[in-house]
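final.pdb (PDB, C-alpha atoms, pLDDT in the B column)
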```
ATOM      1  CA  MET A   1       0.000   0.000   0.000  1.00 49.00           C
ATOM      2  CA  ALA A   2       2.788   2.380   0.919  1.00 48.00           C
ATOM      3  CA  ARG A   3       4.436   1.809  -2.448  1.00 51.00           C
ATOM      4  CA  ARG A   4       1.188   2.539  -4.273  1.00 52.00           C
ATOM      5  CA  ARG A   5       0.671   5.752  -2.333  1.00 52.00           C
ATOM      6  CA  GLY A   6       4.254   6.798  -3.065  1.00 50.00           C
ATOM      7  CA  SER A   7       3.866   6.164  -6.791  1.00 57.00           C
ATOM      8  CA  SER A   8       0.554   8.047  -6.939  1.00 61.00           C
ATOM      9  CA  LEU A   9       2.095  11.027  -5.148  1.00 58.00           C
ATOM     10  CA  ALA A  10       5.001  11.059  -7.603  1.00 61.00           C
ATOM     11  CA  ALA A  11       2.568  10.993 -10.516  1.00 59.00           C
ATOM     12  CA  TRP A  12       0.622  13.907  -9.074  1.00 57.00           C
ATOM     13  CA  ARG A  13       3.831  15.842  -8.606  1.00 64.00           C
ATOM     14  CA  LEU A  14       4.754  15.321 -12.261  1.00 60.00           C
ATOM     15  CA  VAL A  15       1.312  16.472 -13.374  1.00 54.00           C
ATOM     16  CA  LEU A  16       1.604  19.533 -11.126  1.00 54.00           C
ATOM     17  CA  LEU A  17       5.056  20.402 -12.494  1.00 54.00           C
ATOM     18  CA  ALA A  18       3.857  20.033 -16.079  1.00 53.00           C
ATOM     19  CA  THR A  19       0.878  22.278 -15.332  1.00 52.00           C
ATOM     20  CA  LEU A  20       3.093  24.907 -13.721  1.00 48.00           C
ATOM     21  CA  ALA A  21       5.530  24.731 -16.621  1.00 47.00           C
ATOM     22  CA  GLY A  22       2.716  25.230 -19.115  1.00 47.00           C
ATOM     23  CA  ALA A  23       1.311  28.082 -17.094  1.00 45.00           C
ATOM     24  CA  THR A  24       4.664  29.883 -16.969  1.00 53.00           C
ATOM     25  CA  THR A  25       5.353  29.578 -20.740  1.00 71.00           C
ATOM     26  CA  ARG A  26       5.534  33.088 -22.160  1.00 84.00           C
ATOM     27  CA  VAL A  27       3.493  34.119 -25.182  1.00 91.00           C
ATOM     28  CA  TYR A  28       3.623  37.376 -27.094  1.00 93.00           C
ATOM     29  CA  PRO A  29       1.336  39.507 -29.182  1.00 93.00           C
ATOM     30  CA  VAL A  30       3.092  40.368 -32.446  1.00 95.00           C
ATOM     31  CA  GLU A  31       1.658  43.575 -33.813  1.00 95.00           C
ATOM     32  CA  GLY A  32       2.434  46.128 -36.439  1.00 96.00           C
ATOM     33  CA  LEU A  33       1.163  48.346 -39.247  1.00 95.00           C
ATOM     34  CA  VAL A  34       1.356  48.239 -43.038  1.00 95.00           C
ATOM     35  CA  ALA A  35       1.128  51.511 -44.940  1.00 94.00           C
ATOM     36  CA  LEU A  36       1.812  53.213 -48.270  1.00 92.00           C
ATOM     37  CA  ARG A  37       4.047  56.149 -49.071  1.00 88.00           C
ATOM     38  CA  ASP A  38       0.990  58.164 -49.909  1.00 85.00           C
ATOM     39  CA  ARG A  39      -0.431  58.748 -46.454  1.00 79.00           C
ATOM     40  CA  GLU A  40      -3.896  59.461 -47.801  1.00 79.00           C
ATOM     41  CA  ALA A  41      -4.099  56.033 -49.488  1.00 83.00           C
ATOM     42  CA  THR A  42      -4.870  52.907 -47.470  1.00 85.00           C
ATOM     43  CA  VAL A  43      -3.866  49.286 -47.981  1.00 88.00           C
ATOM     44  CA  PRO A  44      -6.806  46.967 -48.680  1.00 91.00           C
ATOM     45  CA  THR A  45      -7.379  44.095 -46.297  1.00 93.00           C
ATOM     46  CA  THR A  46      -4.293  41.907 -46.623  1.00 95.00           C
ATOM     47  CA  GLU A  47      -3.193  38.630 -45.070  1.00 96.00           C
ATOM     48  CA  VAL A  48      -0.074  38.625 -42.878  1.00 97.00           C
ATOM     49  CA  VAL A  49       1.608  35.329 -41.951  1.00 97.00           C
ATOM     50  CA  LEU A  50       4.389  34.051 -39.698  1.00 96.00           C
ATOM     51  CA  ASN A  51       6.646  31.233 -40.923  1.00 95.00           C
ATOM     52  CA  GLY A  52       4.706  30.737 -44.122  1.00 93.00           C
ATOM     53  CA  GLY A  53       1.343  30.220 -42.427  1.00 93.00           C
ATOM     54  CA  GLU A  54       2.066  28.899 -38.923  1.00 94.00           C
ATOM     55  CA  TYR A  55       0.223  31.993 -37.663  1.00 96.00           C
ATOM     56  CA  ARG A  56      -2.189  33.985 -39.810  1.00 96.00           C
ATOM     57  CA  THR A  57      -4.032  37.246 -39.436  1.00 96.00           C
ATOM     58  CA  LEU A  58      -5.645  40.016 -41.512  1.00 96.00           C
ATOM     59  CA  THR A  59      -5.010  43.746 -41.500  1.00 96.00           C
ATOM     60  CA  ARG A  60      -7.646  46.128 -40.204  1.00 94.00           C
ATOM     61  CA  ALA A  61      -9.045  49.125 -42.074  1.00 92.00           C
ATOM     62  CA  ASP A  62      -6.204  51.339 -40.799  1.00 92.00           C
ATOM     63  CA  GLY A  63      -3.539  48.803 -41.837  1.00 93.00           C
ATOM     64  CA  SER A  64      -2.794  47.501 -38.322  1.00 95.00           C
ATOM     65  CA  PHE A  65      -2.526  43.795 -37.500  1.00 97.00           C
ATOM     66  CA  VAL A  66      -1.825  41.600 -34.482  1.00 96.00           C
ATOM     67  CA  PHE A  67      -0.963  37.950 -33.781  1.00 96.00           C
ATOM     68  CA  HIS A  68      -2.134  36.707 -30.389  1.00 94.00           C
ATOM     69  CA  ASP A  69      -0.382  34.162 -28.162  1.00 93.00           C
ATOM     70  CA  VAL A  70       2.750  33.640 -30.234  1.00 94.00           C
ATOM     71  CA  LYS A  71       5.268  31.335 -28.550  1.00 93.00           C
ATOM     72  CA  PRO A  72       8.925  32.368 -28.139  1.00 93.00           C
ATOM     73  CA  GLY A  73      11.174  31.674 -31.089  1.00 93.00           C
ATOM     74  CA  VAL A  74      12.329  33.084 -34.421  1.00 95.00           C
ATOM     75  CA  TYR A  75       9.698  33.879 -37.050  1.00 96.00           C
ATOM     76  CA  LEU A  76       9.610  35.267 -40.563  1.00 95.00           C
ATOM     77  CA  LEU A  77       6.802  37.730 -41.193  1.00 96.00           C
ATOM     78  CA  ASP A  78       5.435  38.180 -44.719  1.00 96.00           C
ATOM     79  CA  VAL A  79       2.730  40.496 -46.016  1.00 96.00           C
ATOM     80  CA  LEU A  80       0.841  38.602 -48.735  1.00 95.00           C
ATOM     81  CA  SER A  81      -0.215  41.601 -50.776  1.00 94.00           C
ATOM     82  CA  VAL A  82      -1.230  41.163 -54.415  1.00 92.00           C
ATOM     83  CA  ASP A  83      -0.873  44.838 -55.307  1.00 92.00           C
ATOM     84  CA  TYR A  84       2.100  46.148 -53.280  1.00 94.00           C
ATOM     85  CA  PHE A  85       5.628  45.143 -52.298  1.00 93.00           C
ATOM     86  CA  PHE A  86       6.475  44.749 -48.617  1.00 95.00           C
ATOM     87  CA  SER A  87       9.682  43.803 -46.849  1.00 94.00           C
ATOM     88  CA  GLN A  88      10.172  40.496 -45.083  1.00 95.00           C
ATOM     89  CA  VAL A  89      10.892  40.756 -41.348  1.00 96.00           C
ATOM     90  CA  LYS A  90      12.645  38.288 -39.054  1.00 95.00           C
ATOM     91  CA  ILE A  91      11.284  38.508 -35.513  1.00 96.00           C
ATOM     92  CA  ASN A  92      13.065  37.059 -32.466  1.00 95.00           C
ATOM     93  CA  LEU A  93      10.798  36.513 -29.441  1.00 94.00           C
ATOM     94  CA  PRO A  94      12.900  35.827 -26.299  1.00 92.00           C
ATOM     95  CA  LYS A  95      12.148  32.839 -24.107  1.00 87.00           C
ATOM     96  CA  SER A  96      12.694  34.622 -20.795  1.00 79.00           C
ATOM     97  CA  ALA A  97      12.453  38.135 -19.402  1.00 70.00           C
ATOM     98  CA  GLU A  98      16.186  38.156 -18.751  1.00 69.00           C
ATOM     99  CA  GLN A  99      16.923  38.214 -22.467  1.00 73.00           C
ATOM    100  CA  ALA A 100      16.682  41.302 -24.629  1.00 77.00           C
ATOM    101  CA  GLY A 101      13.309  42.437 -25.878  1.00 85.00           C
ATOM    102  CA  ILE A 102      11.718  41.621 -29.231  1.00 91.00           C
ATOM    103  CA  GLN A 103      14.263  42.073 -31.988  1.00 93.00           C
ATOM    104  CA  CYS A 104      13.311  42.661 -35.637  1.00 95.00           C
ATOM    105  CA  LEU A 105      15.450  42.539 -38.786  1.00 95.00           C
ATOM    106  CA  GLU A 106      14.116  43.802 -42.111  1.00 95.00           C
ATOM    107  CA  TYR A 107      14.998  42.356 -45.520  1.00 93.00           C
ATOM    108  CA  ALA A 108      13.863  44.759 -48.234  1.00 89.00           C
ATOM    109  CA  TYR A 109      14.121  42.020 -50.913  1.00 84.00           C
ATOM    110  CA  PRO A 110      15.649  38.511 -51.156  1.00 78.00           C
ATOM    111  CA  GLY A 111      19.408  38.796 -50.756  1.00 81.00           C
ATOM    112  CA  ALA A 112      19.295  42.386 -49.476  1.00 85.00           C
ATOM    113  CA  PRO A 113      21.375  43.354 -46.426  1.00 89.00           C
ATOM    114  CA  LYS A 114      19.480  43.096 -43.156  1.00 91.00           C
ATOM    115  CA  ARG A 115      18.489  46.202 -41.229  1.00 92.00           C
ATOM    116  CA  SER A 116      17.329  46.454 -37.631  1.00 94.00           C
ATOM    117  CA  ILE A 117      13.919  48.110 -37.209  1.00 94.00           C
ATOM    118  CA  ALA A 118      11.843  49.116 -34.205  1.00 93.00           C
ATOM    119  CA  TYR A 119       8.967  47.209 -32.671  1.00 94.00           C
ATOM    120  CA  PRO A 120       5.932  47.479 -33.019  1.00 93.00           C
ATOM    121  CA  LEU A 121       6.460  47.052 -36.729  1.00 95.00           C
ATOM    122  CA  ARG A 122       5.739  49.721 -39.314  1.00 94.00           C
ATOM    123  CA  LEU A 123       6.097  48.419 -42.860  1.00 95.00           C
ATOM    124  CA  VAL A 124       5.856  50.951 -45.687  1.00 94.00           C
ATOM    125  CA  SER A 125       5.496  49.646 -49.229  1.00 93.00           C
ATOM    126  CA  PRO A 126       8.252  50.849 -51.605  1.00 90.00           C
ATOM    127  CA  GLY A 127       5.945  50.632 -54.621  1.00 89.00           C
ATOM    128  CA  LYS A 128       3.209  48.855 -56.515  1.00 90.00           C
ATOM    129  CA  LYS A 129       3.672  45.559 -58.316  1.00 90.00           C
ATOM    130  CA  GLN A 130       3.596  45.525 -62.120  1.00 87.00           C
ATOM    131  CA  TYR A 131       2.680  42.258 -63.757  1.00 85.00           C
ATOM    132  CA  PHE A 132       2.724  43.498 -67.377  1.00 85.00           C
ATOM    133  CA  GLU A 133       5.181  45.589 -69.351  1.00 81.00           C
ATOM    134  CA  GLN A 134       3.932  48.812 -70.871  1.00 78.00           C
ATOM    135  CA  ARG A 135       3.509  48.759 -74.630  1.00 78.00           C
ATOM    136  CA  GLU A 136       6.301  50.620 -76.390  1.00 75.00           C
ATOM    137  CA  ARG A 137       5.176  53.828 -78.057  1.00 78.00           C
ATOM    138  CA  VAL A 138       5.950  54.522 -81.701  1.00 74.00           C
ATOM    139  CA  GLY A 139       8.632  57.160 -82.103  1.00 74.00           C
ATOM    140  CA  LEU A 140      11.918  57.992 -83.782  1.00 72.00           C
ATOM    141  CA  HIS A 141      13.766  55.392 -81.693  1.00 71.00           C
ATOM    142  CA  THR A 142      11.488  52.619 -83.004  1.00 73.00           C
ATOM    143  CA  VAL A 143      12.133  53.725 -86.600  1.00 69.00           C
ATOM    144  CA  ILE A 144      15.897  53.681 -86.099  1.00 74.00           C
ATOM    145  CA  ARG A 145      15.854  50.182 -84.607  1.00 76.00           C
ATOM    146  CA  ASN A 146      13.695  48.694 -87.396  1.00 79.00           C
ATOM    147  CA  PRO A 147      16.001  46.699 -89.756  1.00 81.00           C
ATOM    148  CA  MET A 148      13.591  46.881 -92.718  1.00 84.00           C
ATOM    149  CA  LEU A 149      13.395  50.655 -92.544  1.00 78.00           C
ATOM    150  CA  LEU A 150      17.180  50.833 -92.246  1.00 81.00           C
ATOM    151  CA  MET A 151      17.572  48.786 -95.414  1.00 85.00           C
ATOM    152  CA  LEU A 152      15.085  50.976 -97.284  1.00 84.00           C
ATOM    153  CA  GLY A 153      16.880  54.102 -96.125  1.00 82.00           C
ATOM    154  CA  PHE A 154      20.270  52.741 -97.213  1.00 80.00           C
ATOM    155  CA  THR A 155      18.890  51.809-100.640  1.00 85.00           C
ATOM    156  CA  ALA A 156      17.376  55.254-101.123  1.00 84.00           C
ATOM    157  CA  LEU A 157      20.662  56.854-100.091  1.00 81.00           C
ATOM    158  CA  MET A 158      22.603  54.778-102.614  1.00 77.00           C
ATOM    159  CA  VAL A 159      20.143  55.692-105.381  1.00 77.00           C
ATOM    160  CA  VAL A 160      20.741  59.371-104.675  1.00 79.00           C
ATOM    161  CA  VAL A 161      24.484  59.281-104.004  1.00 77.00           C
ATOM    162  CA  MET A 162      25.742  56.760-106.586  1.00 73.00           C
ATOM    163  CA  PRO A 163      24.956  58.866-109.711  1.00 74.00           C
ATOM    164  CA  LYS A 164      26.869  61.779-108.220  1.00 74.00           C
ATOM    165  CA  LEU A 165      29.822  59.528-107.489  1.00 71.00           C
ATOM    166  CA  MET A 166      29.727  58.175-111.045  1.00 69.00           C
ATOM    167  CA  ASP A 167      29.885  61.690-112.477  1.00 72.00           C
ATOM    168  CA  ASN A 168      33.033  62.494-110.480  1.00 72.00           C
ATOM    169  CA  MET A 169      34.875  59.256-111.361  1.00 73.00           C
ATOM    170  CA  ASP A 170      37.726  58.837-113.838  1.00 75.00           C
ATOM    171  CA  PRO A 171      36.447  57.742-117.289  1.00 77.00           C
ATOM    172  CA  GLU A 172      38.472  54.522-117.233  1.00 79.00           C
ATOM    173  CA  GLU A 173      37.304  53.596-113.727  1.00 77.00           C
ATOM    174  CA  LYS A 174      33.788  54.497-114.737  1.00 72.00           C
ATOM    175  CA  ALA A 175      33.999  52.187-117.757  1.00 77.00           C
ATOM    176  CA  LYS A 176      35.335  49.321-115.599  1.00 77.00           C
ATOM    177  CA  LEU A 177      32.592  49.837-113.073  1.00 70.00           C
ATOM    178  CA  GLN A 178      29.920  49.865-115.777  1.00 71.00           C
ATOM    179  CA  GLU A 179      31.395  46.672-117.217  1.00 73.00           C
ATOM    180  CA  GLN A 180      31.308  45.003-113.802  1.00 69.00           C
ATOM    181  CA  MET A 181      27.752  46.172-113.227  1.00 67.00           C
ATOM    182  CA  GLY A 182      26.739  44.780-116.608  1.00 66.00           C
ATOM    183  CA  ALA A 183      28.427  41.471-115.819  1.00 58.00           C
ATOM    184  CA  ALA A 184      26.661  41.368-112.469  1.00 56.00           C
ATOM    185  CA  GLN A 185      23.321  41.416-114.251  1.00 59.00           C
ATOM    186  CA  ASP A 186      24.293  38.186-116.065  1.00 62.00           C
ATOM    187  CA  PRO A 187      25.132  35.509-113.440  1.00 60.00           C
ATOM    188  CA  ALA A 188      27.131  33.372-115.879  1.00 64.00           C
ATOM    189  CA  SER A 189      29.301  36.285-117.001  1.00 64.00           C
ATOM    190  CA  PHE A 190      29.731  37.434-113.430  1.00 59.00           C
ATOM    191  CA  LEU A 191      30.984  34.016-112.293  1.00 61.00           C
ATOM    192  CA  LYS A 192      33.371  33.748-115.240  1.00 64.00           C
ATOM    193  CA  HIS A 193      34.720  37.212-114.470  1.00 62.00           C
ATOM    194  CA  MET A 194      35.105  36.307-110.806  1.00 60.00           C
ATOM    195  CA  PHE A 195      37.114  33.123-111.475  1.00 63.00           C
ATOM    196  CA  GLY A 196      39.129  34.560-114.390  1.00 65.00           C
ATOM    197  CA  LEU A 197      37.483  32.425-117.059  1.00 66.00           C
ATOM    198  CA  PRO A 198      37.215  33.666-120.671  1.00 65.00           C
ATOM    199  CA  ALA A 199      33.901  35.130-121.626  1.00 57.00           C
ATOM    200  CA  ASP A 200      31.771  33.874-124.501  1.00 57.00           C
ATOM    201  CA  GLY A 201      33.452  34.464-127.886  1.00 55.00           C
ATOM    202  CA  GLU A 202      36.982  34.649-126.386  1.00 53.00           C
ATOM    203  CA  ASP A 203      39.588  31.885-126.978  1.00 54.00           C
ATOM    204  CA  GLY A 204      41.660  32.874-123.997  1.00 51.00           C
ATOM    205  CA  ASP A 205      45.104  31.313-123.675  1.00 52.00           C
ATOM    206  CA  ALA A 206      44.297  28.032-125.513  1.00 49.00           C
ATOM    207  CA  PRO A 207      47.134  26.863-127.878  1.00 51.00           C
ATOM    208  CA  GLN A 208      46.614  27.671-131.571  1.00 50.00           C
ATOM    209  CA  VAL A 209      47.439  24.147-132.808  1.00 48.00           C
ATOM    210  CA  THR A 210      44.385  23.887-135.002  1.00 49.00           C
ATOM    211  CA  ASP A 211      45.064  27.265-136.667  1.00 52.00           C
ATOM    212  CA  GLY A 212      48.659  26.207-137.425  1.00 51.00           C
ATOM    213  CA  ARG A 213      47.628  23.047-139.133  1.00 51.00           C
ATOM    214  CA  ARG A 214      45.089  24.955-141.208  1.00 50.00           C
ATOM    215  CA  ALA A 215      47.799  27.399-142.306  1.00 47.00           C
ATOM    216  CA  THR A 216      50.104  24.520-143.347  1.00 51.00           C
ATOM    217  CA  ASP A 217      47.356  22.844-145.313  1.00 53.00           C
ATOM    218  CA  ALA A 218      46.595  26.089-147.106  1.00 50.00           C
ATOM    219  CA  ALA A 219      50.283  26.505-148.101  1.00 51.00           C
ATOM    220  CA  LYS A 220      50.325  23.066-149.569  1.00 50.00           C
TER     221      LYS A 220
END
```
Here is the file; what I need is its structure written in the form of structure tokens.
Amino acid sequence: MARRRGSSLAAWRLVLLATLAGATTRVYPVEGLVALRDREATVPTTEVVLNGGEYRTLTRADGSFVFHDVKPGVYLLDVLSVDYFFSQVKINLPKSAEQAGIQCLEYAYPGAPKRSIAYPLRLVSPGKKQYFEQRERVGLHTVIRNPMLLMLGFTALMVVVMPKLMDNMDPEEKAKLQEQMGAAQDPASFLKHMFGLPADGEDGDAPQVTDGRRATDAAK
């Protein structure tokens, strides 16, 4: 009997200690405010989460929010706004009163250097999100960057400038150029001229064996 009473008393002590430990666990309210640069504008009702959804809450009409009964630890706070950008905040809730108070570090964007900010939080949006690019307006810069228009402009320039250049050229160079231009119109002649082949009607450098034999036969 004595052993049973001793074991039951030990069990009650454990239950009492667990109850006291649970009663002394600290919890915090995490609160703050989201706002825009334009003080007259207000942020529509937006969801705010800790650690990707471990704690969730919604902003009030004035942009304020609060999480109730948050246990000590390190949390990442995100404002899930569809229309505006907001910084991500790392919040450190101390486990005991002996430690420093609530500490907050702000990350303006992923990979940005951290910056210590005050608590309660005040998060101001740097700007509005843009999901679509603005259509480019037609102007002189679009004309300059259009390859088809550049080709047309170059062709028109050559039509205007080339006759003036031809008039100022040496007669021999002008004749050679006209000959080359005429050969360029005939692909066969142009290729023969390019590779140094004799044109139609020219014997070139072929040996005159046949002509010699004809001359000998005529002498006989």
Q) Expressed in Å to a single decimal, how great is the separation between atom CA of Pro120 of chain A and atom CA of Gly32 of chain A? A) 5.1 Å
Q: Name all residues at most 12 Å from segment 34-37 of chain A (count only C-alpha atoms; drop same-chain ones fewer than 3 positions away) and give them as a PyMOL selection string.
A: chain A and resi 31+40-48+58-66+77-81+83-88+120-128
Q) Between atom CA of Ala118 of chain A and atom CA of Gln103 of chain A, what is the spacing in Å? A) 7.8 Å
Q. Quick one: distance from atom CA of Val74 of chain A to atom CA of Pro113 of chain A in Å, one decimal?
A. 18.2 Å
Q: Identify all residues satisfying the PyMOL selection byres ((chain A and resi 93) around 6) in the given file; provide them as an MDAnalysis selection string.
A: chainID A and resid 72:73 92 94 102
